[in-house]
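What follows is the content of start30.cif, which has mmCIF, C-alpha atoms and all ligand atoms:
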data_data
#
loop_
_atom_site.label_atom_id
_atom_site.label_comp_id
_atom_site.auth_asym_id
_atom_site.auth_seq_id
_atom_site.Cartn_x
_atom_site.Cartn_y
_atom_site.Cartn_z
CA MET A 160 16.14 -10.93 -34.24
CA PHE A 161 15.99 -8.19 -31.61
CA ALA A 162 12.26 -7.80 -32.18
CA THR A 163 11.72 -11.50 -31.69
CA ARG A 164 13.68 -11.66 -28.43
CA ASN A 165 11.90 -8.58 -27.21
CA ALA A 166 8.54 -10.10 -28.06
CA ILE A 167 9.46 -13.24 -26.14
CA LYS A 168 10.45 -11.17 -23.09
CA ILE A 169 7.17 -9.28 -23.20
CA ALA A 170 5.21 -12.53 -23.54
CA ALA A 171 7.13 -14.13 -20.66
CA ARG A 172 6.43 -11.09 -18.50
CA SER A 173 2.74 -11.09 -19.24
CA PHE A 174 2.48 -14.80 -18.37
CA SER A 175 4.62 -14.61 -15.27
CA THR A 176 1.79 -13.95 -12.80
CA ALA A 177 0.23 -17.23 -11.74
CA SER A 178 -3.56 -17.19 -11.92
CA PRO A 179 -5.07 -17.37 -8.43
CA LEU A 180 -7.73 -19.78 -9.69
CA GLN A 181 -7.39 -23.28 -11.00
CA SER A 182 -9.06 -23.10 -14.38
CA LYS A 183 -8.98 -26.32 -16.29
CA VAL A 184 -10.48 -26.05 -19.76
CA ALA A 185 -11.46 -29.17 -21.71
CA VAL A 186 -11.78 -29.07 -25.50
CA LEU A 187 -13.80 -31.86 -27.11
CA GLY A 188 -13.04 -32.18 -30.82
CA ALA A 189 -9.58 -30.74 -30.12
CA ALA A 190 -7.86 -32.22 -33.17
CA GLY A 191 -10.25 -30.60 -35.66
CA GLY A 192 -10.10 -27.47 -37.76
CA ILE A 193 -11.45 -25.33 -34.91
CA GLY A 194 -10.17 -27.48 -32.07
CA GLN A 195 -6.48 -27.11 -32.89
CA PRO A 196 -6.20 -23.31 -33.16
CA LEU A 197 -8.66 -22.92 -30.28
CA SER A 198 -6.49 -25.14 -28.08
CA LEU A 199 -3.47 -23.11 -29.16
CA LEU A 200 -5.13 -19.84 -28.17
CA LEU A 201 -6.26 -21.31 -24.85
CA LYS A 202 -2.66 -22.44 -24.20
CA THR A 203 -1.57 -18.83 -24.52
CA ASN A 204 -4.25 -17.62 -22.06
CA PRO A 205 -2.64 -17.06 -18.65
CA ARG A 206 -5.95 -17.73 -16.91
CA VAL A 207 -5.94 -21.34 -18.11
CA THR A 208 -4.01 -23.58 -15.74
CA GLU A 209 -4.72 -26.92 -17.42
CA LEU A 210 -5.96 -28.04 -20.81
CA GLY A 211 -7.66 -31.41 -21.29
CA LEU A 212 -7.90 -32.21 -25.00
CA TYR A 213 -10.12 -34.94 -26.38
CA ASP A 214 -10.91 -36.10 -29.89
CA ILE A 215 -11.58 -39.45 -31.45
CA HIS A 216 -8.08 -39.34 -32.96
CA ASN A 217 -4.85 -37.26 -33.21
CA THR A 218 -5.17 -35.51 -29.86
CA PRO A 219 -1.83 -36.67 -28.37
CA GLY A 220 -0.02 -34.97 -31.25
CA VAL A 221 -1.88 -31.70 -30.72
CA ALA A 222 -1.22 -31.89 -26.97
CA ALA A 223 2.51 -32.63 -27.46
CA ASP A 224 2.83 -29.79 -29.94
CA ILE A 225 1.12 -26.99 -28.00
CA GLY A 226 2.47 -28.46 -24.74
CA HIS A 227 5.87 -27.04 -25.71
CA ILE A 228 4.62 -23.45 -25.55
CA ASN A 229 6.14 -21.89 -22.48
CA THR A 230 3.10 -20.79 -20.59
CA LEU A 231 2.23 -22.21 -17.19
CA SER A 232 -0.64 -24.51 -18.15
CA GLN A 233 -0.34 -28.29 -18.36
CA VAL A 234 -1.72 -30.01 -21.45
CA SER A 235 -2.89 -33.59 -21.85
CA GLY A 236 -4.47 -35.20 -24.89
CA TYR A 237 -6.72 -38.26 -25.03
CA THR A 238 -8.43 -40.17 -27.78
CA ALA A 239 -11.34 -42.59 -27.89
CA LYS A 240 -8.73 -45.40 -27.76
CA ASP A 241 -7.52 -44.38 -24.30
CA GLN A 242 -9.27 -46.04 -21.44
CA ASP A 243 -11.50 -43.40 -19.84
CA GLY A 244 -9.93 -40.84 -22.22
CA LEU A 245 -12.99 -38.61 -22.33
CA LYS A 246 -13.41 -38.85 -18.56
CA LYS A 247 -9.77 -37.91 -17.97
CA ALA A 248 -10.05 -34.88 -20.26
CA LEU A 249 -13.16 -33.70 -18.41
CA GLU A 250 -12.20 -34.37 -14.80
CA GLY A 251 -11.98 -31.10 -12.84
CA ALA A 252 -12.87 -28.92 -15.84
CA GLU A 253 -14.18 -25.43 -15.16
CA LEU A 254 -15.06 -24.90 -18.82
CA VAL A 255 -15.80 -27.46 -21.53
CA VAL A 256 -15.65 -26.19 -25.09
CA ILE A 257 -17.26 -28.43 -27.71
CA PRO A 258 -16.33 -27.99 -31.37
CA ALA A 259 -16.75 -31.72 -32.14
CA GLY A 260 -18.67 -32.78 -35.21
CA VAL A 261 -18.75 -32.32 -38.95
CA PRO A 262 -18.59 -28.89 -40.63
CA ARG A 263 -20.52 -27.67 -43.68
CA LYS A 264 -19.58 -28.16 -47.31
CA PRO A 265 -20.69 -25.73 -50.06
CA GLY A 266 -24.47 -25.70 -50.48
CA MET A 267 -25.20 -27.09 -47.01
CA THR A 268 -27.15 -25.33 -44.27
CA ARG A 269 -26.17 -25.79 -40.64
CA ASP A 270 -29.33 -27.83 -40.15
CA ASP A 271 -28.00 -30.34 -42.71
CA LEU A 272 -25.41 -31.25 -40.05
CA PHE A 273 -28.08 -32.20 -37.52
CA ASN A 274 -28.16 -35.94 -38.28
CA THR A 275 -24.45 -36.36 -37.56
CA ASN A 276 -23.80 -33.75 -34.91
CA ALA A 277 -26.90 -34.18 -32.74
CA GLY A 278 -25.73 -37.60 -31.54
CA ILE A 279 -22.15 -36.41 -31.03
CA VAL A 280 -23.24 -33.47 -28.87
CA ARG A 281 -25.74 -35.61 -26.95
CA ASP A 282 -23.06 -38.18 -26.06
CA LEU A 283 -20.44 -35.60 -25.13
CA ALA A 284 -22.97 -33.66 -23.03
CA GLN A 285 -23.87 -36.92 -21.30
CA ALA A 286 -20.22 -37.41 -20.35
CA CYS A 287 -20.04 -33.82 -19.05
CA ALA A 288 -23.19 -34.33 -16.98
CA GLU A 289 -21.56 -37.39 -15.39
CA VAL A 290 -17.97 -36.18 -14.92
CA CYS A 291 -18.12 -32.39 -14.49
CA PRO A 292 -21.79 -31.39 -14.00
CA LYS A 293 -20.83 -27.99 -12.62
CA ALA A 294 -18.61 -27.00 -15.55
CA LYS A 295 -19.72 -24.32 -17.98
CA LEU A 296 -20.47 -25.78 -21.39
CA LEU A 297 -19.59 -23.76 -24.50
CA ILE A 298 -21.19 -25.37 -27.51
CA ILE A 299 -19.75 -24.55 -30.91
CA SER A 300 -20.94 -27.63 -32.86
CA ASN A 301 -23.66 -26.81 -35.35
CA PRO A 302 -26.55 -26.42 -35.64
CA VAL A 303 -26.10 -24.39 -32.43
CA ASN A 304 -29.83 -23.52 -32.44
CA SER A 305 -30.50 -27.24 -31.86
CA THR A 306 -27.36 -28.51 -30.14
CA VAL A 307 -27.81 -26.19 -27.14
CA PRO A 308 -31.37 -27.53 -26.51
CA ILE A 309 -29.92 -31.04 -26.92
CA ALA A 310 -27.26 -30.51 -24.25
CA THR A 311 -29.89 -28.89 -22.03
CA GLU A 312 -32.21 -31.90 -22.28
CA VAL A 313 -29.32 -34.27 -21.51
CA PHE A 314 -28.48 -32.30 -18.36
CA LYS A 315 -32.14 -32.20 -17.33
CA LYS A 316 -32.44 -35.98 -17.76
CA ALA A 317 -29.31 -36.44 -15.64
CA GLY A 318 -30.80 -34.19 -12.93
CA VAL A 319 -27.88 -31.73 -13.02
CA TYR A 320 -29.25 -28.94 -15.22
CA ASP A 321 -28.25 -25.37 -14.43
CA ALA A 322 -29.39 -22.90 -17.10
CA LYS A 323 -26.66 -20.50 -16.03
CA LYS A 324 -23.95 -22.79 -17.30
CA ILE A 325 -24.88 -23.83 -20.83
CA PHE A 326 -23.93 -21.48 -23.68
CA GLY A 327 -24.20 -21.63 -27.44
CA VAL A 328 -21.19 -19.79 -28.81
CA THR A 329 -22.42 -17.17 -31.25
CA SER A 330 -19.41 -14.87 -30.85
CA LEU A 331 -18.24 -15.42 -34.41
CA ASP A 332 -21.29 -13.57 -35.71
CA LEU A 333 -20.43 -10.65 -33.46
CA VAL A 334 -16.76 -10.76 -34.47
CA ARG A 335 -17.74 -10.78 -38.16
CA ALA A 336 -20.31 -8.01 -37.88
CA SER A 337 -17.84 -5.93 -35.90
CA ARG A 338 -15.13 -6.43 -38.49
CA PHE A 339 -17.43 -5.57 -41.42
CA VAL A 340 -18.57 -2.37 -39.73
CA GLY A 341 -15.11 -1.58 -38.34
CA GLU A 342 -13.71 -1.81 -41.86
CA LYS A 343 -16.29 0.72 -42.99
CA LEU A 344 -15.72 3.10 -40.07
CA GLY A 345 -11.95 2.67 -40.10
CA LYS A 346 -11.82 1.79 -36.41
CA ILE A 347 -12.24 -1.17 -34.09
CA THR A 348 -15.88 -1.37 -33.14
CA GLU A 349 -18.31 -3.81 -31.59
CA VAL A 350 -21.67 -4.70 -33.12
CA PRO A 351 -24.06 -6.69 -30.93
CA VAL A 352 -25.61 -9.69 -32.67
CA VAL A 353 -28.65 -11.40 -31.18
CA GLY A 354 -31.08 -14.20 -32.09
CA GLY A 355 -29.44 -17.47 -33.04
CA HIS A 356 -26.67 -18.89 -35.17
CA ALA A 357 -28.12 -19.76 -38.58
CA GLY A 358 -29.16 -17.60 -41.54
CA VAL A 359 -32.08 -15.31 -40.74
CA THR A 360 -31.84 -16.03 -37.02
CA ILE A 361 -28.57 -14.04 -36.94
CA ILE A 362 -29.58 -10.44 -36.16
CA PRO A 363 -26.92 -7.72 -36.13
CA LEU A 364 -28.03 -4.62 -34.21
CA PHE A 365 -26.47 -1.83 -36.27
CA SER A 366 -28.74 0.64 -34.47
CA GLN A 367 -26.50 0.21 -31.42
CA VAL A 368 -23.31 1.38 -33.12
CA SER A 369 -22.62 5.03 -32.56
CA GLY A 370 -21.38 6.97 -35.57
CA LEU A 371 -22.72 4.43 -38.06
CA SER A 372 -25.13 5.72 -40.65
CA LEU A 373 -26.40 3.35 -43.34
CA THR A 374 -28.79 3.77 -46.24
CA ASP A 375 -31.54 1.13 -46.36
CA ALA A 376 -29.70 -0.64 -49.18
CA GLU A 377 -26.41 -0.63 -47.26
CA ARG A 378 -28.17 -1.89 -44.12
CA ASP A 379 -29.84 -4.74 -46.06
CA ALA A 380 -26.57 -5.74 -47.72
CA LEU A 381 -24.60 -5.63 -44.48
CA THR A 382 -27.28 -7.59 -42.61
CA HIS A 383 -27.24 -10.24 -45.33
CA ARG A 384 -23.44 -10.40 -45.23
CA VAL A 385 -23.44 -11.00 -41.47
CA GLN A 386 -26.22 -13.59 -41.72
CA PHE A 387 -24.47 -15.49 -44.50
CA GLY A 388 -20.84 -14.58 -43.75
CA GLY A 389 -20.16 -18.22 -42.91
CA ASP A 390 -21.06 -19.15 -46.50
CA GLU A 391 -18.29 -16.86 -47.82
CA VAL A 392 -15.76 -18.96 -45.92
CA VAL A 393 -17.36 -22.30 -46.85
CA LYS A 394 -17.28 -21.27 -50.52
CA ALA A 395 -13.69 -20.00 -50.39
CA LYS A 396 -12.55 -23.22 -48.70
CA ASP A 397 -14.19 -25.10 -51.58
CA GLY A 398 -15.18 -28.29 -49.78
CA ALA A 399 -12.42 -28.21 -47.15
CA GLY A 400 -14.73 -27.08 -44.34
CA SER A 401 -16.10 -23.93 -42.78
CA ALA A 402 -14.69 -21.13 -40.60
CA THR A 403 -12.06 -22.53 -38.27
CA LEU A 404 -9.47 -19.81 -37.53
CA SER A 405 -11.91 -16.95 -36.97
CA MET A 406 -14.11 -19.36 -34.99
CA ALA A 407 -11.15 -20.35 -32.82
CA TYR A 408 -10.51 -16.66 -32.15
CA ALA A 409 -14.19 -16.07 -31.30
CA GLY A 410 -14.36 -19.20 -29.10
CA ALA A 411 -11.18 -18.27 -27.23
CA ARG A 412 -12.56 -14.79 -26.67
CA PHE A 413 -15.77 -16.18 -25.18
CA ALA A 414 -13.87 -18.65 -22.98
CA ASP A 415 -11.72 -15.78 -21.75
CA SER A 416 -14.85 -13.78 -20.88
CA LEU A 417 -16.08 -16.62 -18.70
CA LEU A 418 -12.69 -16.99 -17.04
CA ARG A 419 -12.53 -13.25 -16.35
CA ALA A 420 -16.01 -13.44 -14.82
CA GLU A 421 -14.87 -16.44 -12.78
CA ALA A 422 -12.04 -14.27 -11.44
CA GLY A 423 -14.55 -11.63 -10.29
CA GLU A 424 -14.65 -9.19 -13.23
CA ASP A 425 -17.96 -7.81 -14.45
CA VAL A 426 -18.28 -9.08 -17.99
CA LEU A 427 -20.98 -8.40 -20.56
CA GLU A 428 -21.20 -10.86 -23.45
CA TRP A 429 -23.61 -12.05 -26.10
CA ALA A 430 -24.50 -15.73 -26.10
CA PHE A 431 -27.23 -18.22 -26.97
CA VAL A 432 -28.77 -19.08 -23.60
CA ARG A 433 -31.96 -20.24 -21.90
CA THR A 434 -34.09 -17.15 -21.30
CA ASP A 435 -37.66 -16.03 -20.54
CA LEU A 436 -37.39 -13.06 -22.92
CA PHE A 437 -39.64 -14.74 -25.52
CA LYS A 438 -41.60 -16.97 -23.18
CA ASN A 439 -44.89 -15.66 -24.56
CA GLU A 440 -43.89 -16.88 -28.01
CA GLY A 441 -43.00 -20.30 -26.55
CA LEU A 442 -39.30 -19.82 -27.25
CA GLU A 443 -36.72 -20.87 -24.66
CA PHE A 444 -33.36 -20.07 -26.23
CA PHE A 445 -32.12 -16.82 -27.67
CA SER A 446 -28.79 -15.15 -28.10
CA THR A 447 -28.78 -11.89 -26.20
CA TYR A 448 -26.86 -9.64 -23.83
CA VAL A 449 -25.68 -11.63 -20.85
CA LYS A 450 -23.96 -10.43 -17.70
CA LEU A 451 -21.54 -13.06 -16.48
CA ASP A 452 -20.23 -13.91 -13.04
CA LYS A 453 -18.42 -16.85 -11.50
CA ASN A 454 -21.52 -19.03 -11.77
CA GLY A 455 -22.00 -18.34 -15.48
CA VAL A 456 -25.05 -16.25 -16.36
CA LYS A 457 -25.65 -13.58 -13.73
CA GLU A 458 -28.37 -11.70 -15.54
CA ILE A 459 -29.99 -11.74 -18.94
CA LEU A 460 -30.67 -8.30 -20.27
CA PRO A 461 -33.60 -7.49 -22.54
CA LEU A 462 -32.94 -6.26 -26.05
CA PRO A 463 -32.20 -2.53 -26.06
CA GLN A 464 -35.37 -0.37 -26.12
CA ASN A 465 -34.13 1.64 -29.06
CA ILE A 466 -33.55 -1.09 -31.64
CA SER A 467 -34.89 -0.07 -35.04
CA GLU A 468 -38.20 -1.17 -36.59
CA TYR A 469 -36.17 -3.08 -39.17
CA GLU A 470 -34.38 -5.01 -36.39
CA LYS A 471 -37.69 -5.67 -34.61
CA GLU A 472 -38.96 -7.25 -37.85
CA LEU A 473 -35.83 -9.42 -38.06
CA VAL A 474 -36.50 -10.65 -34.52
CA LYS A 475 -40.10 -11.50 -35.47
CA LYS A 476 -38.90 -13.47 -38.49
CA ALA A 477 -36.28 -15.33 -36.48
CA ILE A 478 -38.63 -16.61 -33.78
CA PRO A 479 -40.42 -19.35 -35.80
CA GLU A 480 -37.08 -20.55 -37.19
CA LEU A 481 -35.56 -20.69 -33.73
CA LYS A 482 -38.59 -22.53 -32.41
CA LYS A 483 -38.33 -25.16 -35.14
CA SER A 484 -34.65 -25.83 -34.34
CA GLU A 485 -35.32 -25.87 -30.60
CA THR A 486 -38.15 -28.39 -30.94
CA LYS A 487 -36.02 -30.57 -33.19
CA GLY A 488 -33.25 -30.67 -30.57
CA VAL A 489 -35.59 -31.35 -27.66
CA SER A 490 -37.41 -34.13 -29.58
CA PHE A 491 -34.12 -35.72 -30.56
CA VAL A 492 -33.21 -36.30 -26.92
CA GLY A 493 -36.78 -37.32 -26.07
CA ASN A 494 -36.80 -39.94 -28.84
CA ASN A 495 -33.24 -41.27 -28.56
P1 LIG B 501 -13.56 -30.62 -38.22
O1 LIG B 501 -14.14 -31.79 -38.95
O2 LIG B 501 -12.31 -30.02 -38.74
O3 LIG B 501 -13.27 -31.04 -36.71
C1 LIG B 501 -14.23 -31.67 -35.92
C2 LIG B 501 -13.50 -32.60 -34.98
O4 LIG B 501 -14.49 -33.24 -34.17
C3 LIG B 501 -12.71 -33.71 -35.70
O5 LIG B 501 -11.35 -33.71 -35.29
C4 LIG B 501 -13.40 -34.97 -35.28
O6 LIG B 501 -12.53 -36.09 -35.13
C5 LIG B 501 -14.01 -34.56 -33.94
N1 LIG B 501 -15.08 -35.42 -33.49
C6 LIG B 501 -16.08 -36.00 -34.20
N2 LIG B 501 -16.83 -36.76 -33.39
C7 LIG B 501 -16.32 -36.65 -32.15
C8 LIG B 501 -16.66 -37.19 -30.89
N3 LIG B 501 -17.69 -38.03 -30.75
N4 LIG B 501 -15.90 -36.87 -29.84
C9 LIG B 501 -14.86 -36.03 -29.96
N5 LIG B 501 -14.47 -35.48 -31.12
C10 LIG B 501 -15.21 -35.79 -32.20
O7 LIG B 501 -14.70 -29.52 -38.07
P2 LIG B 501 -14.53 -27.99 -37.61
O8 LIG B 501 -14.31 -27.16 -38.80
O9 LIG B 501 -13.58 -27.94 -36.49
O10 LIG B 501 -16.03 -27.67 -37.10
C11 LIG B 501 -16.54 -28.28 -35.94
C12 LIG B 501 -17.98 -27.86 -35.70
O11 LIG B 501 -18.06 -26.46 -35.42
C13 LIG B 501 -18.91 -28.08 -36.89
O12 LIG B 501 -20.13 -28.60 -36.46
C14 LIG B 501 -19.10 -26.69 -37.47
O13 LIG B 501 -20.31 -26.56 -38.18
C15 LIG B 501 -19.11 -25.88 -36.19
N6 LIG B 501 -18.88 -24.45 -36.37
C16 LIG B 501 -19.53 -23.58 -35.52
C17 LIG B 501 -19.39 -22.23 -35.61
C18 LIG B 501 -20.10 -21.33 -34.66
O14 LIG B 501 -20.10 -20.11 -34.88
N7 LIG B 501 -20.70 -21.81 -33.59
C19 LIG B 501 -18.52 -21.63 -36.64
C20 LIG B 501 -17.84 -22.60 -37.46
C21 LIG B 501 -18.04 -23.96 -37.31
#

How would this structure read if it were set down as structure tokens?
Amino acid sequence: MFATRNAIKIAARSFSTASPLQSKVAVLGAAGGIGQPLSLLLKTNPRVTELGLYDIHNTPGVAADIGHINTLSQVSGYTAKDQDGLKKALEGAELVVIPAGVPRKPGMTRDDLFNTNAGIVRDLAQACAEVCPKAKLLIISNPVNSTVPIATEVFKKAGVYDAKKIFGVTSLDLVRASRFVGEKLGKITEVPVVGGHAGVTIIPLFSQVSGLSLTDAERDALTHRVQFGGDEVVKAKDGAGSATLSMAYAGARFADSLLRAEAGEDVLEWAFVRTDLFKNEGLEFFSTYVKLDKNGVKEILPLPQNISEYEKELVKKAIPELKKSETKGVSFVGNN
């Protein structure tokens, strides 16, 4: 009892300083497996002043529920049945997080979701381009390697594209890799993960972790586990979806990074963004080290000079896969 009261006091204290910035965050797909815990975590973030939740159904319940948490932000929830519901959720948003769409079932690849999710992301991006063209877009819906190019093309068509503001959220790969290595080292650690967000395009850079020494077999096994870690969750959930709770954590972390950058902090993150790093290979999107500021991407850093030969090979293998997914996304908007 004492511990609980004490915890409440501490929480109230930490939320008692009003954020100097108005930071409305919209979540599209807010009633889903990721959307609900993500909205919950965003409600507990003192930098968020308003939450606009949208889903095709069930959003008012989610909004009413988390709206009772005693932090300073206001929460409103809209569904497709509300007149201008999507518009109301988006109006004035600083960040728009998109986990709308279907998740994988056992045996599916992320690309198998393309047919359903491509149209969902296109339509939601279209609404963002109209209502809050200056907001930062955080795309979680899979396949990220295609949905980010889709949102980009929509913004280009609408004449409001700013490469600094569209992000594919690949933080879960980093969170997973960091946990797997941290478990081994017995301490909290951070493993950079670059490339994309599907199978062999996910490239953990173990070479960048100080104090980590792996045999070739251990390195191969750990790399495979990071690349296919999502499958462990899909299998364990046995048809009930893919990672939701760890994804919500990773998404909330990335949103917080952008809000901290918005407030003037120097923040370094890893995200799937438009970059010239692989221009010579004809590739436009890659997940890499990104310095953030209030406008979104401040600077894209090259891969570290000292990555291993093994990691260089992984990058080479990822490029054609990434290109295929990118082209598929771009063509989808061109043809539809
Ligand atoms: P879910 O099915 O539990 O929730 C998706 C929600 O989107 C549902 O509530 C649904 O009503 C809503 N929705 C569908 N169409 C919509 C539309 N047009 N407008 C607004 N809302 C719409 O799925 P879950 O588990 O939350 O996953 C969502 C997406 O996130 C999937 O595509 C999944 O593959 C992806 N994902 C991405 C990860 C990443 O690392 N980037 C990790 C895990 C999942």

Point-to-point distance from atom CA of Pro258 of chain A to atom CA of Glu312 of chain A, Å rounded to tenths =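 So the answer is 18.7 Å.
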
The distance between atom CA of Arg263 of chain A and atom CA of Gln285 of chain A is 24.4 Å

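Candidate residues A:Ser182, A:Thr275, A:Thr230, A:Thr218 were compared for distance to Val255 of chain A, and the nearest is A:Ser182, using only C-alpha atoms.
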
Counting all atoms listed in the file, give me one row per residue of chain A with an atom at most 6 Å from an atom of ligand LIG 501 (chain B), showing the shortest contact pair and its distance in Å to one decimal, sorted by chain then residue number, as CSV.
residue,atom,partner,partner_atom,distance
A:Leu187,CA,B:LIG501,C9,5.2
A:Gly188,CA,B:LIG501,N5,3.6
A:Ala190,CA,B:LIG501,O5,4.3
A:Gly191,CA,B:LIG501,O3,3.2
A:Gly192,CA,B:LIG501,O2,3.5
A:Ile193,CA,B:LIG501,O9,3.7
A:Gly194,CA,B:LIG501,O9,5.6
A:Asp214,CA,B:LIG501,N5,3.8
A:Ile215,CA,B:LIG501,N5,4.9
A:His216,CA,B:LIG501,O6,5.9
A:Pro258,CA,B:LIG501,C11,4.6
A:Ala259,CA,B:LIG501,O4,3.4
A:Gly260,CA,B:LIG501,C6,4.3
A:Val261,CA,B:LIG501,O1,4.6
A:Pro262,CA,B:LIG501,O13,3.8
A:Arg263,CA,B:LIG501,O13,5.6
A:Ile279,CA,B:LIG501,N3,4.8
A:Ile299,CA,B:LIG501,N7,3.9
A:Ser300,CA,B:LIG501,O12,3.8
A:Asn301,CA,B:LIG501,O12,4.1
A:Val328,CA,B:LIG501,N7,5.2
A:Thr329,CA,B:LIG501,O14,5.2
A:Leu331,CA,B:LIG501,O14,5.1
A:Gly400,CA,B:LIG501,O8,5.6
A:Ser401,CA,B:LIG501,O8,5.4
A:Ala402,CA,B:LIG501,C20,4.7
A:Thr403,CA,B:LIG501,O8,5.2
A:Met406,CA,B:LIG501,C19,5.2

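Atom CA of Val385 of chain A is found 17.3 Å from atom CA of Phe445 of chain A.
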
All residues 10 Å or closer to Ala286 of chain A, only C-alpha atoms, same chain fewer than 4 positions away omitted, as a compact mmCIF listing (two decimals) with C-alpha atoms, in the frame of the given file:
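Result file around.txt:
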# COMPACT_ATOMS: atom_id res chain seq x y z
CA LEU A 245 -12.99 -38.61 -22.33
CA LYS A 246 -13.41 -38.85 -18.56
CA LEU A 249 -13.16 -33.70 -18.41
CA VAL A 280 -23.24 -33.47 -28.87
CA ARG A 281 -25.74 -35.61 -26.95
CA ASP A 282 -23.06 -38.18 -26.06
CA VAL A 290 -17.97 -36.18 -14.92
CA CYS A 291 -18.12 -32.39 -14.49
CA PRO A 292 -21.79 -31.39 -14.00
CA VAL A 313 -29.32 -34.27 -21.51
CA PHE A 314 -28.48 -32.30 -18.36

Which is closest to Asp390 of chain A among A:Thr268, A:Ser232, A:Thr238, A:Ser369, if we use all atoms listed in the file?
->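 Result for the nearest residue to Asp390 of chain A: A:Thr268.
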
Segment 467-478 of chain A rebuilt with N, CA and C atoms, output as a tab-separated table (two decimals), keeping the file's coordinate frame:
chain	number	residue	atom	x	y	z
A	467	SER	N	-34.08	-0.65	-33.97
A	467	SER	CA	-34.89	-0.07	-35.04
A	467	SER	C	-36.09	-0.97	-35.39
A	468	GLU	N	-37.03	-0.40	-36.13
A	468	GLU	CA	-38.20	-1.17	-36.59
A	468	GLU	C	-37.74	-2.33	-37.46
A	469	TYR	N	-36.73	-2.05	-38.28
A	469	TYR	CA	-36.17	-3.08	-39.17
A	469	TYR	C	-35.65	-4.27	-38.33
A	470	GLU	N	-34.93	-3.96	-37.25
A	470	GLU	CA	-34.38	-5.01	-36.39
A	470	GLU	C	-35.50	-5.75	-35.65
A	471	LYS	N	-36.55	-5.01	-35.27
A	471	LYS	CA	-37.69	-5.67	-34.61
A	471	LYS	C	-38.32	-6.70	-35.56
A	472	GLU	N	-38.40	-6.34	-36.84
A	472	GLU	CA	-38.96	-7.25	-37.85
A	472	GLU	C	-38.08	-8.49	-37.99
A	473	LEU	N	-36.75	-8.28	-37.95
A	473	LEU	CA	-35.83	-9.42	-38.06
A	473	LEU	C	-36.04	-10.38	-36.88
A	474	VAL	N	-36.26	-9.81	-35.70
A	474	VAL	CA	-36.50	-10.65	-34.52
A	474	VAL	C	-37.78	-11.47	-34.72
A	475	LYS	N	-38.82	-10.80	-35.24
A	475	LYS	CA	-40.10	-11.50	-35.47
A	475	LYS	C	-39.92	-12.68	-36.43
A	476	LYS	N	-39.13	-12.41	-37.49
A	476	LYS	CA	-38.90	-13.47	-38.49
A	476	LYS	C	-38.06	-14.62	-37.94
A	477	ALA	N	-37.18	-14.29	-37.01
A	477	ALA	CA	-36.28	-15.33	-36.48
A	477	ALA	C	-37.01	-16.30	-35.54
A	478	ILE	N	-38.03	-15.80	-34.84
A	478	ILE	CA	-38.63	-16.61	-33.78
A	478	ILE	C	-39.16	-17.97	-34.27
